[in-house]
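*Asks:* Input coords_22.txt, format and content: compact mmCIF, C-alpha atoms.
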# COMPACT_ATOMS: atom_id res chain seq x y z
CA MET A 5 21.96 45.94 -39.25
CA THR A 6 25.25 47.82 -39.15
CA GLY A 7 28.51 46.95 -40.82
CA PRO A 8 29.20 44.26 -43.38
CA VAL A 9 27.49 40.88 -43.28
CA PRO A 10 29.81 38.22 -41.84
CA ARG A 11 31.08 35.94 -44.62
CA ASP A 12 29.80 32.80 -42.89
CA LYS A 13 26.22 34.12 -42.70
CA LYS A 14 24.01 33.03 -45.57
CA THR A 15 21.98 35.82 -47.14
CA VAL A 16 18.24 35.23 -47.09
CA LEU A 17 15.57 36.96 -49.14
CA LEU A 18 11.92 36.60 -48.18
CA ILE A 19 9.63 37.24 -51.13
CA ALA A 20 5.96 37.72 -50.24
CA PHE A 21 4.01 36.25 -53.13
CA ASP A 22 0.23 36.34 -53.51
CA GLY A 23 -0.04 35.68 -57.24
CA SER A 24 -0.89 39.28 -58.13
CA GLN A 25 0.72 41.13 -61.01
CA THR A 26 2.71 43.31 -58.59
CA ALA A 27 3.94 40.22 -56.72
CA ARG A 28 5.15 38.76 -60.01
CA ARG A 29 6.85 42.06 -60.80
CA ALA A 30 8.55 42.01 -57.38
CA VAL A 31 9.97 38.54 -58.07
CA GLU A 32 11.26 39.71 -61.44
CA TYR A 33 12.98 42.73 -59.87
CA ALA A 34 14.51 40.55 -57.16
CA GLY A 35 15.97 38.24 -59.80
CA ARG A 36 17.24 41.14 -61.89
CA PHE A 37 18.93 43.15 -59.14
CA LEU A 38 19.63 40.88 -56.14
CA THR A 39 21.72 37.86 -55.26
CA ALA A 40 21.28 35.67 -52.21
CA ASP A 41 22.18 32.28 -50.86
CA ARG A 42 18.53 31.52 -50.21
CA ALA A 43 15.29 33.02 -51.56
CA VAL A 44 12.15 31.94 -49.75
CA VAL A 45 8.93 32.53 -51.67
CA LEU A 46 6.24 32.96 -49.02
CA THR A 47 2.56 32.53 -49.76
CA VAL A 48 0.28 33.46 -46.87
CA TRP A 49 -3.14 31.87 -47.16
CA ALA A 50 -6.38 32.03 -45.24
CA PRO A 51 -7.83 28.67 -44.19
CA LEU A 52 -11.60 28.60 -44.51
CA ASP A 53 -11.94 26.95 -41.09
CA ARG A 54 -9.68 28.51 -38.49
CA GLY A 55 -10.51 25.89 -35.88
CA SER A 56 -12.75 28.06 -33.77
CA ASP A 57 -14.20 26.80 -30.52
CA PRO A 58 -17.54 25.19 -31.47
CA GLY A 59 -19.34 27.02 -28.68
CA SER A 60 -17.83 30.42 -29.33
CA TYR A 61 -20.21 31.80 -31.94
CA ASP A 62 -21.59 28.92 -33.98
CA PHE A 63 -25.19 28.21 -33.15
CA ASP A 64 -26.95 25.48 -34.98
CA LEU A 65 -30.63 25.96 -34.31
CA ASP A 66 -31.74 22.94 -36.33
CA GLY A 67 -29.92 20.31 -34.29
CA PRO A 68 -26.36 19.10 -33.82
CA PRO A 69 -23.57 20.92 -35.66
CA ASP A 70 -23.19 20.12 -39.32
CA PRO A 71 -20.19 17.95 -40.15
CA ARG A 72 -17.13 19.80 -41.32
CA ASP A 73 -16.71 19.85 -45.07
CA ASP A 74 -13.05 18.94 -45.59
CA ASP A 75 -13.39 19.73 -49.29
CA GLU A 76 -13.69 23.45 -48.42
CA ALA A 77 -10.40 23.42 -46.49
CA ASP A 78 -8.79 21.55 -49.35
CA ILE A 79 -9.94 24.24 -51.81
CA ALA A 80 -8.19 26.99 -49.85
CA LEU A 81 -5.03 24.92 -49.44
CA ALA A 82 -5.05 23.88 -53.10
CA GLU A 83 -5.27 27.54 -54.17
CA ALA A 84 -2.39 28.42 -51.84
CA GLN A 85 -0.33 25.59 -53.31
CA ARG A 86 -1.09 26.75 -56.86
CA ILE A 87 -0.05 30.32 -56.05
CA SER A 88 3.04 29.11 -54.20
CA ASP A 89 4.09 26.89 -57.12
CA GLU A 90 3.62 29.81 -59.52
CA GLY A 91 5.85 32.03 -57.36
CA LEU A 92 8.48 29.33 -57.04
CA ASP A 93 8.56 28.70 -60.80
CA LEU A 94 8.90 32.42 -61.48
CA ALA A 95 11.69 32.85 -58.91
CA VAL A 96 13.65 29.91 -60.32
CA ALA A 97 13.14 31.23 -63.86
CA VAL A 98 14.76 34.57 -62.91
CA GLY A 99 17.74 32.79 -61.38
CA LEU A 100 17.00 32.87 -57.66
CA PRO A 101 17.90 29.90 -55.41
CA ALA A 102 14.23 29.66 -54.48
CA GLU A 103 12.25 27.46 -52.17
CA PRO A 104 8.53 27.64 -51.40
CA LEU A 105 6.94 28.30 -48.03
CA ARG A 106 3.22 28.42 -47.33
CA ARG A 107 1.91 29.76 -44.04
CA PRO A 108 -1.68 30.07 -42.90
CA VAL A 109 -2.50 33.59 -41.79
CA THR A 110 -2.43 33.85 -38.01
CA PHE A 111 -3.47 37.39 -37.12
CA THR A 112 -3.00 39.39 -40.32
CA VAL A 113 -1.14 38.78 -43.57
CA TRP A 114 1.40 41.49 -42.79
CA GLN A 115 2.09 40.11 -39.31
CA THR A 116 2.55 36.61 -40.74
CA ILE A 117 5.11 38.01 -43.21
CA ILE A 118 6.99 39.82 -40.43
CA ASP A 119 6.94 36.77 -38.14
CA THR A 120 8.19 34.51 -40.94
CA ALA A 121 10.99 36.97 -41.81
CA ASP A 122 12.01 36.95 -38.14
CA GLU A 123 11.97 33.14 -37.99
CA LEU A 124 14.15 32.92 -41.11
CA ASP A 125 16.37 35.83 -40.02
CA ALA A 126 15.73 37.30 -43.47
CA ASP A 127 18.07 40.02 -44.64
CA LEU A 128 15.46 41.60 -46.91
CA ILE A 129 11.69 41.33 -47.40
CA ILE A 130 10.50 41.83 -50.97
CA THR A 131 6.89 42.61 -51.76
CA GLY A 132 4.69 44.29 -54.31
CA THR A 133 2.11 46.91 -53.49
CA ARG A 134 -1.19 48.15 -54.85
CA ALA A 135 0.14 51.72 -54.62
CA THR A 136 -3.08 53.27 -53.39
CA THR A 137 -2.94 57.03 -53.00
CA GLY A 138 -5.01 59.89 -51.67
CA PHE A 139 -8.13 59.32 -49.61
CA ARG A 140 -8.25 55.61 -50.42
CA SER A 141 -4.78 55.10 -48.92
CA LEU A 142 -6.00 56.63 -45.65
CA LEU A 143 -8.79 54.07 -45.44
CA GLN A 144 -6.95 51.03 -46.77
CA SER A 145 -3.26 50.59 -45.99
CA SER A 146 -1.47 47.99 -48.02
CA VAL A 147 0.17 44.88 -46.61
CA ALA A 148 3.50 46.26 -47.87
CA ASP A 149 2.97 49.48 -45.92
CA HIS A 150 2.32 47.54 -42.71
CA VAL A 151 5.37 45.33 -43.25
CA LEU A 152 7.51 48.41 -43.82
CA ARG A 153 6.21 50.33 -40.81
CA ARG A 154 5.82 47.53 -38.28
CA GLY A 155 8.67 45.18 -39.13
CA HIS A 156 12.29 45.87 -38.28
CA ARG A 157 13.91 44.47 -41.41
CA PRO A 158 14.74 46.18 -44.70
CA VAL A 159 11.90 46.01 -47.21
CA LEU A 160 11.99 46.33 -50.98
CA ILE A 161 8.57 47.44 -52.20
CA VAL A 162 7.94 47.15 -55.92
CA PRO A 163 5.03 49.27 -57.20
CA PRO A 164 2.73 48.24 -60.03
CA GLU A 165 3.64 49.15 -63.57
CA PRO A 166 2.68 52.70 -64.50
Would you give me this structure, written as C-alpha cells?

*Replies:*
Amino acid sequence: MTGPVPRDKKTVLLIAFDGSQTARRAVEYAGRFLTADRAVVLTVWAPLDRGSDPGSYDFDLDGPPDPRDDDEADIALAEAQRISDEGLDLAVAVGLPAEPLRRPVTFTVWQTIIDTADELDADLIITGTRATTGFRSLLQSSVADHVLRRGHRPVLIVPPEP
C-alpha cells in the first residue's frame, strides 16, 4: 500500500488467535500500540471430520461404515469457540473494537489466515510466533513465518517473552 489511507476507508486489524501465550501477548501489544476501526480476532480450527468422500480412503472391513459421531465434531467446534471467546475477551479488555471470527482450516492454517485477511481487506495481520531458531527452524517453519512470506499484507509478529 502506498500513500495515506483514504479517510473514508475503515482500518481493519486481523489478529490470529490460537489461545497460546504468544497469541495472548500479540493481542496485548495490538491493544497497547495500535488503533483501528475494526479488530477481527480470527481463530482457525481443524474439524475432526473434513467431509471426505466415503470411498476415498475409508475401508470398513467389518461391514457398512460406522455412523458418524457428531459429538466428536462438536468437541472440536466447542474448543474453537472457547479459544475464540478468550481472544475476544482479551481484545475487548485491551480496548480494541473486537469481533470474533472462527474459520475451519481449509488447506493450512497460514493459508486460511491469508485468505481471511484478503476477504476482510485487512490493513495489518497480527500474530504471535514460537520463535524457533537454528536447525529446528529449518525443519519447522512457524505459521507466522508463512503468513509473512506468502501473504501480501503487512504483518506484525510478536515473539514470546524472553

*Asks:* I want to know what sits within 10 Å of Arg106 of chain A, based on all atoms listed in the file, with residues of the same chain fewer than 4 positions away left out; could you give that as a list in words?

*Replies:*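 Contacts, with the query itself left out: Phe21, Val44, Val45, Leu46, Thr47, Val48, Trp49, Leu81, Ala84, Gln85, Ile87, Ser88 and Asp89 of chain A.
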
*Asks:* Restricting the calculation to only C-alpha atoms: of A:Ser24, A:Thr120, A:Thr15, A:Thr39, which residue gets closest to Leu100 of chain A?

*Replies:* A:Thr39

*Asks:* With only C-alpha atoms as the atoms that count, which of A:Asp149, A:Glu90, A:Ala95, A:Thr131 lies nearest to Val162 of chain A?

*Replies:* A:Thr131

*Asks:* Please measure the separation of atom CA of Arg42 of chain A and atom CA of Leu160 of chain A, giving the value in Å to one decimal.

*Replies:*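 One can read the atom CA of Arg42 of chain A to atom CA of Leu160 of chain A distance as 16.2 Å.
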
*Asks:* My list of candidates is A:Leu17, A:Ala30, A:Val113, A:Ala126. Which is closest to Val147 of chain A when distances are computed with only C-alpha atoms?

*Replies:* A:Val113

*Asks:* Report as a ChimeraX atom specification all protein, DNA and RNA residues lying within 10 Å of Ala27 of chain A, evaluated on only C-alpha atoms, omitting residues in the same chain fewer than 5 positions from it.

*Replies:* /A:19-22,32-33,91,130-134,161-164

*Asks:* Taking C-alpha atoms for each residue, export the selection above as a PDB file, in the frame of the given file.

*Replies:*
ATOM      1  CA  ILE A  19       9.630  37.240 -51.130  1.00  0.00           C
ATOM      2  CA  ALA A  20       5.960  37.720 -50.240  1.00  0.00           C
ATOM      3  CA  PHE A  21       4.010  36.250 -53.130  1.00  0.00           C
ATOM      4  CA  ASP A  22       0.230  36.340 -53.510  1.00  0.00           C
ATOM      5  CA  GLU A  32      11.260  39.710 -61.440  1.00  0.00           C
ATOM      6  CA  TYR A  33      12.980  42.730 -59.870  1.00  0.00           C
ATOM      7  CA  GLY A  91       5.850  32.030 -57.360  1.00  0.00           C
ATOM      8  CA  ILE A 130      10.500  41.830 -50.970  1.00  0.00           C
ATOM      9  CA  THR A 131       6.890  42.610 -51.760  1.00  0.00           C
ATOM     10  CA  GLY A 132       4.690  44.290 -54.310  1.00  0.00           C
ATOM     11  CA  THR A 133       2.110  46.910 -53.490  1.00  0.00           C
ATOM     12  CA  ARG A 134      -1.190  48.150 -54.850  1.00  0.00           C
ATOM     13  CA  ILE A 161       8.570  47.440 -52.200  1.00  0.00           C
ATOM     14  CA  VAL A 162       7.940  47.150 -55.920  1.00  0.00           C
ATOM     15  CA  PRO A 163       5.030  49.270 -57.200  1.00  0.00           C
ATOM     16  CA  PRO A 164       2.730  48.240 -60.030  1.00  0.00           C
TER      17      PRO A 164
END

*Asks:* Using only C-alpha atoms, determine which residues lie at most 10 Å from Val98 of chain A, disregarding the query and same-chain residues fewer than 3 positions distant; provide the list as a PyMOL selection string.

*Replies:* chain A and resi 31-36+93-95+101-102

*Asks:* What does the distance between atom CA of Pro108 of chain A and atom CA of Lys14 of chain A come to in Å, to one decimal place?

*Replies:*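 Computing it gives 26.0 Å between the two atoms.
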
*Asks:* State, in Å with one decimal place, the distance from atom CA of Pro166 of chain A to atom CA of Arg28 of chain A.

*Replies:* 14.9 Å

*Asks:* Let me make sure I understand: among A:Gln25, A:Ser146, A:Thr110, A:Gln115, which one has the smallest atom-to-atom distance to Ala50 of chain A if we use only C-alpha atoms?

*Replies:*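 Closest residue, counting only C-alpha atoms: A:Thr110.
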
*Asks:* Which is closer to Asp119 of chain A than all the others in A:Asp12, A:Arg153, A:Arg107, A:Asp78, using only C-alpha atoms?

*Replies:* A:Arg107

*Asks:* Can you find the residues with an atom no farther than 8 Å from (16.5, 39.3, -41.8), counting only C-alpha atoms, and report them as a PDB file with C-alpha atoms, in the coordinates of the input?

*Replies:*
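That gives us out_14.pdb:
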ATOM      1  CA  VAL A  16      18.240  35.230 -47.090  1.00  0.00           C
ATOM      2  CA  LEU A  17      15.570  36.960 -49.140  1.00  0.00           C
ATOM      3  CA  ALA A 121      10.990  36.970 -41.810  1.00  0.00           C
ATOM      4  CA  ASP A 122      12.010  36.950 -38.140  1.00  0.00           C
ATOM      5  CA  LEU A 124      14.150  32.920 -41.110  1.00  0.00           C
ATOM      6  CA  ASP A 125      16.370  35.830 -40.020  1.00  0.00           C
ATOM      7  CA  ALA A 126      15.730  37.300 -43.470  1.00  0.00           C
ATOM      8  CA  ASP A 127      18.070  40.020 -44.640  1.00  0.00           C
ATOM      9  CA  LEU A 128      15.460  41.600 -46.910  1.00  0.00           C
ATOM     10  CA  ILE A 129      11.690  41.330 -47.400  1.00  0.00           C
ATOM     11  CA  ARG A 157      13.910  44.470 -41.410  1.00  0.00           C
ATOM     12  CA  PRO A 158      14.740  46.180 -44.700  1.00  0.00           C
TER      13      PRO A 158
END

*Asks:* For Arg154 of chain A, which of A:Thr116, A:Ala40, A:Glu123, A:Arg86 is the closest residue, counting only C-alpha atoms?

*Replies:* A:Thr116
